[in-house]
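> See query-v1.cif below, with mmCIF, C-alpha atoms.
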data_query
loop_
_atom_site.group_PDB
_atom_site.id
_atom_site.type_symbol
_atom_site.label_atom_id
_atom_site.label_comp_id
_atom_site.auth_asym_id
_atom_site.auth_seq_id
_atom_site.Cartn_x
_atom_site.Cartn_y
_atom_site.Cartn_z
ATOM 1 C CA MET A 995 32.156 -49.939 -64.367
ATOM 2 C CA THR A 996 34.016 -46.725 -63.515
ATOM 3 C CA GLY A 997 30.751 -44.872 -62.826
ATOM 4 C CA LEU A 998 29.660 -47.536 -60.367
ATOM 5 C CA ARG A 999 33.031 -47.428 -58.597
ATOM 6 C CA THR A 1000 32.860 -43.621 -58.313
ATOM 7 C CA THR A 1001 29.317 -43.792 -56.949
ATOM 8 C CA LEU A 1002 30.332 -46.345 -54.322
ATOM 9 C CA LEU A 1003 33.345 -44.265 -53.263
ATOM 10 C CA LEU A 1004 31.200 -41.145 -52.884
ATOM 11 C CA ALA A 1005 28.568 -43.108 -50.963
ATOM 12 C CA ALA A 1006 31.251 -44.302 -48.541
ATOM 13 C CA ALA A 1007 32.904 -40.867 -48.201
ATOM 14 C CA VAL A 1008 29.858 -39.070 -46.770
ATOM 15 C CA PRO A 1009 29.318 -41.373 -43.749
ATOM 16 C CA LEU A 1010 33.072 -41.383 -43.144
ATOM 17 C CA ALA A 1011 33.146 -37.579 -43.061
ATOM 18 C CA VAL A 1012 30.188 -37.501 -40.647
ATOM 19 C CA ALA A 1013 31.821 -40.083 -38.371
ATOM 20 C CA THR A 1014 35.121 -38.161 -38.413
ATOM 21 C CA ALA A 1015 33.388 -34.903 -37.481
ATOM 22 C CA ALA A 1016 31.563 -36.647 -34.615
ATOM 23 C CA ALA A 1017 34.815 -38.165 -33.340
ATOM 24 C CA LEU A 1018 36.553 -34.778 -33.415
ATOM 25 C CA LYS A 1019 33.703 -33.180 -31.494
ATOM 26 C CA ALA A 1020 33.724 -35.971 -28.901
ATOM 27 C CA GLY A 1021 37.501 -35.636 -28.567
ATOM 28 C CA HIS A 1022 37.229 -31.893 -27.857
ATOM 29 C CA LEU A 1023 39.153 -30.822 -30.957
ATOM 30 C CA ALA A 1024 38.295 -27.971 -33.303
ATOM 31 C CA PRO A 1025 39.269 -28.746 -36.915
ATOM 32 C CA HIS A 1026 40.495 -26.113 -39.365
ATOM 33 C CA ALA A 1027 41.524 -26.802 -42.953
ATOM 34 C CA ASP A 1028 42.910 -24.645 -45.702
ATOM 35 C CA ARG A 1029 44.955 -25.372 -48.810
ATOM 36 C CA HIS A 1030 48.240 -25.557 -46.893
ATOM 37 C CA ARG A 1031 47.427 -27.559 -43.764
ATOM 38 C CA ILE A 1032 44.872 -29.307 -41.593
ATOM 39 C CA GLU A 1033 44.932 -28.185 -37.967
ATOM 40 C CA LEU A 1034 43.291 -29.726 -34.895
ATOM 41 C CA THR A 1035 43.131 -27.303 -31.960
ATOM 42 C CA PRO A 1036 42.025 -28.363 -28.458
ATOM 43 C CA ARG A 1037 38.823 -26.846 -27.033
ATOM 44 C CA PRO A 1038 37.709 -26.482 -23.411
ATOM 45 C CA ARG A 1039 35.774 -29.436 -22.062
ATOM 46 C CA ARG A 1040 32.206 -28.729 -20.962
ATOM 47 C CA SER A 1041 32.509 -31.313 -18.196
ATOM 48 C CA CYS A 1042 35.631 -29.742 -16.639
ATOM 49 C CA PRO A 1043 35.037 -29.169 -12.903
ATOM 50 C CA ASP A 1044 37.501 -26.255 -12.784
ATOM 51 C CA CYS A 1045 36.348 -23.984 -15.620
ATOM 52 C CA ARG A 1046 32.915 -25.555 -16.373
ATOM 53 C CA GLY A 1047 33.554 -25.284 -20.116
ATOM 54 C CA GLU A 1048 34.536 -21.609 -20.080
ATOM 55 C CA GLY A 1049 38.203 -22.321 -20.810
ATOM 56 C CA GLY A 1050 39.560 -20.466 -17.804
ATOM 57 C CA TRP A 1051 38.800 -17.928 -15.100
ATOM 58 C CA TRP A 1052 39.590 -14.302 -14.343
ATOM 59 C CA VAL A 1053 42.476 -13.556 -11.993
ATOM 60 C CA ASP A 1054 42.164 -10.353 -9.960
ATOM 61 C CA GLY A 1055 45.006 -7.953 -9.440
ATOM 62 C CA ALA A 1056 46.417 -4.741 -10.862
ATOM 63 C CA ASN A 1057 46.065 -6.148 -14.385
ATOM 64 C CA PRO A 1058 43.157 -8.622 -14.467
ATOM 65 C CA GLU A 1059 43.632 -11.383 -16.984
ATOM 66 C CA LYS A 1060 42.046 -14.685 -17.841
ATOM 67 C CA LYS A 1061 43.999 -17.739 -16.684
ATOM 68 C CA ALA A 1062 43.707 -20.670 -19.076
ATOM 69 C CA CYS A 1063 42.419 -23.972 -17.710
ATOM 70 C CA GLY A 1064 44.527 -27.105 -18.080
ATOM 71 C CA CYS A 1065 41.657 -29.040 -19.675
ATOM 72 C CA TRP A 1066 42.643 -27.558 -23.027
ATOM 73 C CA ALA A 1067 45.641 -25.214 -22.627
ATOM 74 C CA ASN A 1068 48.175 -27.974 -21.908
ATOM 75 C CA ARG A 1069 47.130 -30.138 -24.851
ATOM 76 C CA PRO A 1070 49.103 -29.795 -28.102
ATOM 77 C CA THR A 1071 47.756 -28.498 -31.386
ATOM 78 C CA ARG A 1072 48.141 -31.013 -34.209
ATOM 79 C CA HIS A 1073 49.171 -29.934 -37.718
ATOM 80 C CA VAL A 1074 49.180 -31.906 -40.950
ATOM 81 C CA GLN A 1075 51.071 -30.102 -43.712
ATOM 82 C CA LEU A 1076 49.577 -30.688 -47.149
ATOM 83 C CA LEU A 1077 51.781 -31.153 -50.182
ATOM 84 C CA PRO A 1078 51.899 -28.172 -52.534
ATOM 85 C CA VAL A 1079 49.942 -28.451 -55.731
ATOM 86 C CA PRO A 1080 52.260 -28.347 -58.740
ATOM 87 C CA ALA A 1081 51.955 -25.238 -60.879
ATOM 88 C CA TRP A 1082 50.038 -25.472 -64.115
ATOM 89 C CA PRO A 1083 52.347 -25.699 -67.118
ATOM 90 C CA ASN A 1084 52.475 -22.705 -69.446
ATOM 91 C CA GLU A 1085 52.111 -24.959 -72.462
ATOM 92 C CA HIS A 1086 48.946 -26.546 -73.761
ATOM 93 C CA PRO A 1087 48.894 -30.349 -73.367
ATOM 94 C CA PHE A 1088 48.258 -30.940 -77.091
#
Using structure tokens, write down the structure from this file.


Amino acid sequence: MTGLRTTLLLAAAVPLAVATAAALKAGHLAPHADRHRIELTPRPRRSCPDCRGEGGWWVDGANPEKKACGCWANRPTRHVQLLPVPAWPNEHPF
């Protein structure tokens, strides 16, 4: 019974992961995950009429620099802190 339950959970996890990745891409977010956090960073929109997906434009002057477009620069970055994994005990369990 446990093997069947595990198989069904794994079968449901793969389509869920694919759907989540598609939703993040459609929402113009770049995901990053490591062992401490999950981070969703905004990306420039390809359909933006101002930057046309480049993320900004160059400003002339004595020190030329790239000005960030509001299609992504004004949106917040989302962080999800992951709980620390407890340290392995120094003793053997038996």

> Report the residues retrieved by the PyMOL selection byres ((chain A and resi 1053-1070) around 6) from the displayed file, expressed as a ChimeraX atom specification.

/A:1036-1038,1049-1052,1071

> Between CA of Ala1027 in chain A and CA of Arg1072 in chain A, what is the distance in Å, rounded to a tenth?

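Computed distance, CA of Ala1027 in chain A to CA of Arg1072 in chain A, equals 11.7 Å.
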
> To one decimal in Å, tell me the separation between CA of Pro1080 in chain A and CA of His1030 in chain A.

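Those two atoms sit 12.8 Å apart.
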
> One decimal, in Å: what's the spacing between CA of Pro1078 in chain A and CA of Asp1028 in chain A?

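Computing the Euclidean distance for CA of Pro1078 in chain A and CA of Asp1028 in chain A yields 11.8 Å.
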
> So that I can see what lies close to His1026 in chain A, please list as a list of chain:residue names the residues with an atom at most 12 Å from it, counting all atoms listed in the file and leaving out residues fewer than 5 positions away in the same chain.

A:Ala1015, A:Leu1018, A:Arg1031, A:Ile1032, A:Glu1033, A:Leu1034, A:Thr1035, A:Pro1036, A:Thr1071, A:Arg1072, A:His1073, A:Val1074

> Keeping only C-alpha atoms, write those residues as a PDB file, keeping the file's coordinate frame.


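So again-v7.pdb came out as:
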ATOM      1  CA  ALA A1015      33.388 -34.903 -37.481  1.00  0.00           C
ATOM      2  CA  LEU A1018      36.553 -34.778 -33.415  1.00  0.00           C
ATOM      3  CA  ARG A1031      47.427 -27.559 -43.764  1.00  0.00           C
ATOM      4  CA  ILE A1032      44.872 -29.307 -41.593  1.00  0.00           C
ATOM      5  CA  GLU A1033      44.932 -28.185 -37.967  1.00  0.00           C
ATOM      6  CA  LEU A1034      43.291 -29.726 -34.895  1.00  0.00           C
ATOM      7  CA  THR A1035      43.131 -27.303 -31.960  1.00  0.00           C
ATOM      8  CA  PRO A1036      42.025 -28.363 -28.458  1.00  0.00           C
ATOM      9  CA  THR A1071      47.756 -28.498 -31.386  1.00  0.00           C
ATOM     10  CA  ARG A1072      48.141 -31.013 -34.209  1.00  0.00           C
ATOM     11  CA  HIS A1073      49.171 -29.934 -37.718  1.00  0.00           C
ATOM     12  CA  VAL A1074      49.180 -31.906 -40.950  1.00  0.00           C
TER      13      VAL A1074
END
